[in-house]
file upload01.txt (compact mmCIF, C-alpha atoms)
# COMPACT_ATOMS: atom_id res chain seq x y z
CA MET H 363 0.00 0.00 0.00
CA ALA H 364 1.22 3.51 -0.84
CA TYR H 365 1.10 6.02 2.02
CA THR H 366 1.10 9.82 1.99
CA HIS H 367 1.60 10.78 5.64
CA VAL H 368 3.37 7.78 7.15
CA ILE H 369 6.58 6.01 6.16
CA VAL H 370 6.63 2.24 6.61
CA GLU H 371 9.88 0.28 6.79
CA VAL H 372 10.80 -3.27 7.78
CA SER H 373 14.32 -4.18 8.85
CA GLU H 374 16.08 -7.50 8.42
CA ARG H 375 15.92 -7.92 12.21
CA LEU H 376 12.12 -8.30 12.27
CA VAL H 377 11.40 -4.74 13.42
CA GLY H 378 8.84 -2.65 11.55
CA THR H 379 8.98 1.13 11.81
CA ILE H 380 6.13 3.55 11.15
CA THR H 381 7.18 7.19 10.91
CA LEU H 382 4.53 9.90 11.23
CA ASN H 383 5.43 12.10 8.30
CA ARG H 384 3.85 15.54 8.52
CA PRO H 385 6.94 17.31 9.90
CA ASP H 386 5.88 20.80 8.84
CA GLU H 387 2.71 20.36 10.93
CA LEU H 388 4.57 18.69 13.84
CA ASN H 389 2.98 15.37 12.81
CA THR H 390 -0.49 16.43 13.89
CA PHE H 391 -3.20 13.95 13.02
CA ASN H 392 -5.34 14.80 10.02
CA SER H 393 -7.94 12.34 8.78
CA LEU H 394 -5.62 10.85 6.16
CA MET H 395 -2.72 10.28 8.55
CA ALA H 396 -4.98 8.74 11.20
CA GLY H 397 -6.37 6.28 8.67
CA GLU H 398 -2.94 5.48 7.28
CA LEU H 399 -1.45 4.89 10.73
CA ALA H 400 -4.26 2.53 11.74
CA SER H 401 -3.90 0.68 8.42
CA ALA H 402 -0.11 0.45 8.69
CA LEU H 403 -0.34 -0.95 12.23
CA LEU H 404 -2.75 -3.69 11.20
CA THR H 405 -0.72 -4.46 8.07
CA MET H 406 2.43 -4.90 10.14
CA ASP H 407 0.51 -7.06 12.60
CA ALA H 408 -0.23 -9.45 9.73
CA ASP H 409 3.29 -9.34 8.25
CA PRO H 410 5.37 -12.44 9.14
CA ALA H 411 8.55 -10.38 8.59
CA VAL H 412 7.62 -8.15 11.58
CA ARG H 413 7.68 -9.12 15.25
CA VAL H 414 7.93 -5.67 16.87
CA VAL H 415 6.60 -2.30 15.66
CA VAL H 416 8.15 1.11 16.43
CA ILE H 417 6.21 4.37 15.96
CA LYS H 418 8.20 7.60 15.71
CA GLY H 419 7.84 11.08 14.24
CA ALA H 420 9.68 12.89 11.46
CA GLY H 421 11.14 16.34 12.06
CA LYS H 422 11.07 18.23 15.35
CA ALA H 423 8.27 16.39 17.18
CA PHE H 424 6.72 13.02 17.82
CA CYS H 425 3.15 14.27 17.45
CA ALA H 426 1.46 17.55 18.42
CA GLY H 427 -2.08 16.16 18.58
CA ILE H 428 -4.91 16.65 16.09
CA ASP H 429 -4.81 19.18 13.26
CA ILE H 430 -7.37 21.79 14.34
CA ASN H 431 -7.72 22.93 10.74
CA GLU H 432 -10.18 20.04 10.41
CA LEU H 433 -12.35 21.26 13.30
CA ALA H 434 -14.62 23.74 11.58
CA ASP H 435 -18.23 23.36 10.38
CA LYS H 436 -19.31 19.88 11.43
CA SER H 437 -22.53 18.62 12.95
CA ALA H 438 -22.44 16.76 16.27
CA MET H 439 -22.70 13.45 14.42
CA GLU H 440 -19.88 14.44 12.06
CA TYR H 441 -17.68 15.44 15.02
CA ARG H 442 -18.38 12.07 16.63
CA GLN H 443 -17.40 10.16 13.48
CA TRP H 444 -14.34 12.38 12.98
CA ILE H 445 -12.94 11.95 16.49
CA GLU H 446 -13.57 8.20 16.44
CA HIS H 447 -11.56 8.03 13.22
CA MET H 448 -8.72 10.04 14.78
CA GLU H 449 -8.50 7.63 17.71
CA GLN H 450 -8.53 4.40 15.71
CA PRO H 451 -4.71 4.11 15.88
CA LEU H 452 -4.87 4.16 19.70
CA LEU H 453 -7.36 1.30 19.66
CA ALA H 454 -5.45 -0.57 16.95
CA VAL H 455 -2.42 -0.95 19.24
CA ALA H 456 -4.45 -2.86 21.83
CA ARG H 457 -6.05 -5.04 19.15
CA MET H 458 -2.70 -6.07 17.67
CA LYS H 459 -0.95 -9.24 18.72
CA LYS H 460 2.53 -7.76 18.24
CA PRO H 461 4.13 -5.27 20.67
CA VAL H 462 4.31 -1.60 19.75
CA ILE H 463 7.02 0.78 21.01
CA ALA H 464 6.62 4.57 20.90
CA GLN H 465 9.89 6.44 20.25
CA VAL H 466 9.32 9.97 21.55
CA HIS H 467 11.21 13.17 20.83
CA GLY H 468 10.28 16.84 20.87
CA VAL H 469 6.68 17.04 22.03
CA ALA H 470 3.90 14.47 22.33
CA VAL H 471 0.71 16.33 23.20
CA ALA H 472 -3.03 15.68 23.12
CA ASN H 473 -3.60 12.73 20.78
CA GLY H 474 0.18 12.39 20.54
CA MET H 475 0.38 11.79 24.28
CA GLY H 476 -2.54 9.40 23.95
CA LEU H 477 -0.60 7.45 21.33
CA VAL H 478 2.43 7.23 23.65
CA ALA H 479 0.23 6.00 26.48
CA ALA H 480 -1.58 3.53 24.21
CA ALA H 481 1.70 2.02 22.99
CA ASP H 482 2.73 -1.15 24.80
CA LEU H 483 6.14 0.34 25.59
CA ALA H 484 7.64 3.82 25.29
CA ILE H 485 11.14 5.29 25.19
CA ALA H 486 11.82 9.02 25.05
CA ALA H 487 14.57 11.58 24.71
CA GLY H 488 15.36 13.26 27.99
CA ASN H 489 14.45 16.72 26.70
CA SER H 490 11.05 15.68 25.30
CA LYS H 491 7.78 16.93 26.79
CA MET H 492 4.20 15.76 26.77
CA GLY H 493 0.78 16.84 27.96
CA LEU H 494 -2.98 16.80 27.45
CA THR H 495 -2.98 20.40 26.26
CA ALA H 496 -6.32 20.83 24.45
CA ILE H 497 -7.91 22.43 27.52
CA ASN H 498 -5.74 25.48 26.80
CA VAL H 499 -7.64 26.23 23.58
CA GLY H 500 -11.12 25.56 24.97
CA LEU H 501 -11.24 21.88 24.00
CA ASN H 502 -10.26 18.78 25.99
CA CYS H 503 -8.43 15.47 25.65
CA VAL H 504 -11.12 13.12 26.93
CA GLY H 505 -10.14 10.48 24.35
CA PRO H 506 -6.36 10.49 24.92
CA VAL H 507 -6.83 10.59 28.70
CA ILE H 508 -8.24 7.04 28.59
CA PRO H 509 -4.91 5.30 27.90
CA VAL H 510 -3.10 7.96 29.96
CA ALA H 511 -5.26 7.16 33.02
CA ARG H 512 -4.45 3.47 32.66
CA CYS H 513 -0.78 4.39 32.97
CA VAL H 514 -0.84 7.04 35.70
CA GLY H 515 -4.05 6.57 37.72
CA ARG H 516 -7.13 8.71 38.31
CA LYS H 517 -5.82 11.72 40.24
CA LYS H 518 -2.80 12.40 38.06
CA ALA H 519 -4.80 11.80 34.87
CA LEU H 520 -7.36 14.37 35.94
CA GLU H 521 -4.60 16.86 36.76
CA LEU H 522 -3.12 16.40 33.28
CA LEU H 523 -6.56 16.61 31.64
CA LEU H 524 -7.82 19.69 33.49
CA PHE H 525 -4.65 21.80 33.72
CA GLY H 526 -3.15 20.94 30.33
CA GLU H 527 0.42 21.45 31.51
CA LEU H 528 3.46 20.01 29.76
CA ILE H 529 5.56 17.56 31.74
CA LYS H 530 9.17 16.61 31.06
CA ALA H 531 10.25 13.09 30.16
CA PRO H 532 11.72 12.18 33.58
CA GLU H 533 8.44 13.13 35.28
CA ALA H 534 6.47 11.17 32.67
CA GLN H 535 8.66 8.15 33.38
CA ALA H 536 8.09 8.50 37.12
CA MET H 537 4.32 8.53 36.47
CA GLY H 538 4.48 5.33 34.44
CA LEU H 539 3.98 6.86 30.98
CA LEU H 540 7.49 5.95 29.79
CA ASN H 541 9.62 2.87 30.27
CA ARG H 542 12.94 4.49 29.44
CA VAL H 543 14.42 7.97 29.12
CA VAL H 544 17.70 8.40 27.22
CA GLU H 545 19.84 11.21 25.88
CA LYS H 546 18.34 12.66 22.71
CA GLU H 547 21.45 11.74 20.69
CA ALA H 548 21.06 8.11 21.72
CA LEU H 549 17.30 7.78 21.17
CA GLU H 550 17.39 6.21 17.71
CA ALA H 551 20.11 3.68 18.58
CA GLU H 552 18.63 2.78 21.97
CA THR H 553 15.19 2.22 20.47
CA LYS H 554 16.65 0.04 17.72
CA THR H 555 18.60 -2.08 20.22
CA TRP H 556 15.57 -2.44 22.51
CA ALA H 557 13.21 -3.39 19.68
CA GLU H 558 15.66 -5.92 18.23
CA LEU H 559 16.12 -7.51 21.64
CA LEU H 560 12.35 -7.89 21.99
CA ALA H 561 12.12 -9.31 18.46
CA ARG H 562 14.44 -12.16 19.48
CA LYS H 563 12.02 -13.38 22.15
CA SER H 564 9.46 -16.10 21.41
CA PRO H 565 6.86 -14.44 19.15
CA LEU H 566 4.07 -16.73 20.35
CA ALA H 567 4.90 -16.18 24.01
CA ILE H 568 4.88 -12.40 23.51
CA GLN H 569 1.66 -12.42 21.49
CA ILE H 570 -0.20 -14.62 23.95
CA ALA H 571 1.08 -12.52 26.86
CA LYS H 572 -0.06 -9.27 25.24
CA LYS H 573 -3.49 -10.61 24.30
CA GLY H 574 -4.02 -12.03 27.77
CA PHE H 575 -2.89 -8.81 29.44
CA TYR H 576 -5.39 -6.62 27.58
CA ALA H 577 -8.20 -9.15 27.83
CA SER H 578 -7.81 -9.52 31.60
CA GLU H 579 -7.04 -5.90 32.49
CA ASP H 580 -10.54 -4.99 33.68
CA LEU H 581 -11.62 -8.38 35.03
CA PRO H 582 -12.04 -9.18 38.73
CA TYR H 583 -8.83 -10.42 40.38
CA GLU H 584 -9.67 -14.12 40.49
CA ARG H 585 -11.06 -14.08 36.95
CA GLN H 586 -7.77 -12.58 35.76
CA PHE H 587 -5.96 -15.65 37.03
CA ASP H 588 -8.47 -17.91 35.27
CA LEU H 589 -7.89 -16.19 31.94
CA MET H 590 -4.11 -15.94 32.29
CA ASN H 591 -3.73 -19.55 33.40
CA GLU H 592 -5.74 -20.67 30.38
CA ALA H 593 -3.47 -18.58 28.13
CA PHE H 594 -0.36 -20.10 29.75
CA ALA H 595 -1.72 -23.62 29.32
CA ARG H 596 -2.32 -22.99 25.61
CA LEU H 597 1.21 -21.63 25.23
CA CYS H 598 2.70 -24.74 26.86
CA THR H 599 1.20 -26.93 24.11
CA THR H 600 3.03 -25.09 21.32
CA GLN H 601 6.17 -26.29 19.58
CA ASP H 602 7.90 -23.00 20.36
CA ALA H 603 7.39 -23.48 24.10
CA LYS H 604 8.98 -26.93 23.90
CA GLU H 605 11.79 -25.52 21.72
CA GLY H 606 12.48 -22.72 24.19
CA VAL H 607 12.83 -25.10 27.13
CA GLN H 608 14.96 -27.55 25.14
CA ALA H 609 17.24 -24.74 23.94
CA PHE H 610 17.66 -23.58 27.54
CA PHE H 611 18.83 -27.03 28.65
CA GLU H 612 21.07 -27.39 25.60
CA LYS H 613 22.55 -23.89 26.15
CA ARG H 614 21.82 -22.68 22.61
CA ASN H 615 19.68 -20.01 20.95
CA PRO H 616 16.12 -21.16 20.28
CA ARG H 617 14.79 -21.43 16.73
CA TRP H 618 11.28 -19.99 16.77
CA GLN H 619 8.75 -21.40 14.28
CA GLU H 620 5.68 -19.50 15.53
CA ARG H 621 3.68 -22.68 16.00
call {"tool": "encode", "arguments": {"input": "upload01.txt", "output": "C-alpha cells"}}
result
Amino acid sequence: MAYTHVIVEVSERLVGTITLNRPDELNTFNSLMAGELASALLTMDADPAVRVVVIKGAGKAFCAGIDINELADKSAMEYRQWIEHMEQPLLAVARMKKPVIAQVHGVAVANGMGLVAAADLAIAAGNSKMGLTAINVGLNCVGPVIPVARCVGRKKALELLLFGELIKAPEAQAMGLLNRVVEKEALEAETKTWAELLARKSPLAIQIAKKGFYASEDLPYERQFDLMNEAFARLCTTQDAKEGVQAFFEKRNPRWQER
C-alpha cells in the first residue's frame, strides 16, 4: 500500500517502523494520517517479517495532537465520526498481537500523548515533553486521557486533563507513561537495540502474553488468574514453548517457528 503521511519500513531484524510524516505540521493527526497509521499498524501485525513495531515522528516532534484545521463546520454526528476516526490508531495498538514501542522526541501532546500511552512500551529523549494540552484552547483530551489514566491513575490523569500542563520526560517516566528515558542523541540507537532484543524473544509467548494482558485488564482479580492460566496452558502446548525449554537445557539459541 502507498502512504502519503506515514513512512513504513521493515528491517532485516524483524522490526517494523512507522514514521509519522507531517513534519511541517509537527505530525499532527489529520484524517488521512490517522487512517494510514491505523492501516499500517494492522498491516504490520499481519506481516510475518515483523515481530515488533516502532512508531516515531519525522522532524522536530513526535506528534502535536490533532490538526485543528479540520475542526470547523461539522454537525455533532460528524464530530463524533471524525474523532472516532482520529482515535482508531490508539485502539489498533491494543487489538494487535505484536508489541508496539513509541519512540518519543520533541513534544507528544493531546492525541500524541494518547498514542504514547496507548503504545505497549515507550522510550523518550530526555528533553522531550508531553501533555494533554487541548484544555488550553477551549477543548479537551477526553479520548487520549483514557490510555493515559491506565498508565498514571485517576488523580494524576485528571490533573493532566484539566490543567493541560506540559511535563518533562523524567516526570512522565516516574508517572508510568514511559519505560525508558535516554539522551536525545542516543534515542534512535537505543530504540533500535531495545526493539531488536524484543524481536528475538518467542513471538508466540509475547503475542499470547499481550493478548491475555489486555483481555484480563478490567476483570475481577480471580477471573484474571483464570484467563491468564488458560493462556499459559495454551502456550505450553506449542512447539515453540517446547523448543524454548529444550534450547535452555542445551545452552543454545532457540529457533522460533511461531507454532
call {"tool": "atom_distance", "arguments": {"input": "upload01.txt", "atom1": "atom CA of Asn489 of chain H", "atom2": "atom CA of Ala536 of chain H"}}
result
14.7 Å
call {"tool": "closest_residue", "arguments": {"input": "upload01.txt", "among": "H:Lys554, H:Lys573, H:Lys459, H:His467", "to": "Lys418 of chain H", "atoms": "all atoms listed in the file"}}
result
H:His467
call {"tool": "residues_around", "arguments": {"input": "upload01.txt", "residues": "Leu452 of chain H", "least_positions_apart": "6", "cutoff": "10 Å", "atoms": "only C-alpha atoms", "output": "tab-separated table (two decimals) with C-alpha atoms, keeping the file's coordinate frame"}}
result
chain	number	residue	atom	x	y	z
H	396	ALA	CA	-4.98	8.74	11.20
H	399	LEU	CA	-1.45	4.89	10.73
H	400	ALA	CA	-4.26	2.53	11.74
H	473	ASN	CA	-3.60	12.73	20.78
H	474	GLY	CA	0.18	12.39	20.54
H	476	GLY	CA	-2.54	9.40	23.95
H	477	LEU	CA	-0.60	7.45	21.33
H	478	VAL	CA	2.43	7.23	23.65
H	479	ALA	CA	0.23	6.00	26.48
H	480	ALA	CA	-1.58	3.53	24.21
H	481	ALA	CA	1.70	2.02	22.99
H	505	GLY	CA	-10.14	10.48	24.35
H	506	PRO	CA	-6.36	10.49	24.92
H	508	ILE	CA	-8.24	7.04	28.59
H	509	PRO	CA	-4.91	5.30	27.90
call {"tool": "atom_distance", "arguments": {"input": "upload01.txt", "atom1": "atom CA of Leu494 of chain H", "atom2": "atom CA of Val543 of chain H"}}
result
19.6 Å
call {"tool": "closest_residue", "arguments": {"input": "upload01.txt", "among": "H:Thr495, H:Gly538, H:Ala511, H:Ala571", "to": "Phe525 of chain H", "atoms": "all atoms listed in the file"}}
result
H:Thr495
call {"tool": "closest_residue", "arguments": {"input": "upload01.txt", "among": "H:Thr599, H:Gln450, H:Ser564, H:Asn498", "to": "Leu404 of chain H", "atoms": "only C-alpha atoms"}}
result
H:Gln450
call {"tool": "residues_around", "arguments": {"input": "upload01.txt", "residues": "Ala426 of chain H", "least_positions_apart": "6", "cutoff": "12 Å", "atoms": "only C-alpha atoms", "output": "JSON, numbers by chain"}}
result
{"H": [382, 384, 385, 386, 387, 388, 389, 390, 391, 392, 419, 420, 466, 467, 468, 469, 470, 471, 472, 473, 474, 475, 476, 477, 478, 490, 491, 492, 493, 494, 495, 496, 528]}
call {"tool": "closest_residue", "arguments": {"input": "upload01.txt", "among": "H:Arg375, H:Arg516, H:Arg614, H:His367", "to": "Ser393 of chain H", "atoms": "all atoms listed in the file"}}
result
H:His367
call {"tool": "closest_residue", "arguments": {"input": "upload01.txt", "among": "H:Gln535, H:Phe575, H:Trp618, H:Leu501", "to": "Ala593 of chain H", "atoms": "only C-alpha atoms"}}
result
H:Phe575
call {"tool": "decode", "arguments": {"input": "upload01.txt", "residues": "segment 505-518 of chain H", "atoms": "N, CA, C and O atoms", "output": "tab-separated table (two decimals), in the first residue's frame"}}
result
chain	number	residue	atom	x	y	z
H	505	GLY	N	-10.51	11.75	24.98
H	505	GLY	CA	-10.14	10.48	24.35
H	505	GLY	C	-8.75	10.05	24.77
H	505	GLY	O	-8.57	8.96	25.34
H	506	PRO	N	-7.72	10.87	24.53
H	506	PRO	CA	-6.36	10.49	24.92
H	506	PRO	C	-6.18	10.20	26.40
H	506	PRO	O	-5.31	9.43	26.78
H	507	VAL	N	-7.00	10.82	27.26
H	507	VAL	CA	-6.83	10.59	28.70
H	507	VAL	C	-7.16	9.15	29.08
H	507	VAL	O	-6.72	8.67	30.14
H	508	ILE	N	-7.88	8.43	28.24
H	508	ILE	CA	-8.24	7.04	28.59
H	508	ILE	C	-7.00	6.17	28.72
H	508	ILE	O	-6.78	5.56	29.79
H	509	PRO	N	-6.14	6.08	27.70
H	509	PRO	CA	-4.91	5.30	27.90
H	509	PRO	C	-3.96	5.95	28.91
H	509	PRO	O	-3.24	5.25	29.63
H	510	VAL	N	-3.96	7.28	28.98
H	510	VAL	CA	-3.10	7.96	29.96
H	510	VAL	C	-3.49	7.54	31.38
H	510	VAL	O	-2.63	7.21	32.21
H	511	ALA	N	-4.79	7.52	31.68
H	511	ALA	CA	-5.26	7.16	33.02
H	511	ALA	C	-4.88	5.73	33.38
H	511	ALA	O	-4.60	5.43	34.55
H	512	ARG	N	-4.84	4.86	32.39
H	512	ARG	CA	-4.45	3.47	32.66
H	512	ARG	C	-2.97	3.37	33.01
H	512	ARG	O	-2.54	2.40	33.63
H	513	CYS	N	-2.20	4.37	32.63
H	513	CYS	CA	-0.78	4.39	32.97
H	513	CYS	C	-0.51	5.08	34.30
H	513	CYS	O	0.33	4.64	35.08
H	514	VAL	N	-1.23	6.18	34.58
H	514	VAL	CA	-0.84	7.04	35.70
H	514	VAL	C	-1.83	7.05	36.86
H	514	VAL	O	-1.51	7.56	37.93
H	515	GLY	N	-3.05	6.53	36.66
H	515	GLY	CA	-4.05	6.57	37.72
H	515	GLY	C	-4.96	7.79	37.63
H	515	GLY	O	-4.70	8.74	36.91
H	516	ARG	N	-6.04	7.75	38.43
H	516	ARG	CA	-7.13	8.71	38.31
H	516	ARG	C	-6.74	10.14	38.65
H	516	ARG	O	-7.01	11.08	37.89
H	517	LYS	N	-6.11	10.36	39.80
H	517	LYS	CA	-5.82	11.72	40.24
H	517	LYS	C	-4.85	12.44	39.29
H	517	LYS	O	-5.08	13.58	38.89
H	518	LYS	N	-3.78	11.76	38.94
H	518	LYS	CA	-2.80	12.40	38.06
H	518	LYS	C	-3.37	12.60	36.66
H	518	LYS	O	-3.10	13.62	36.02
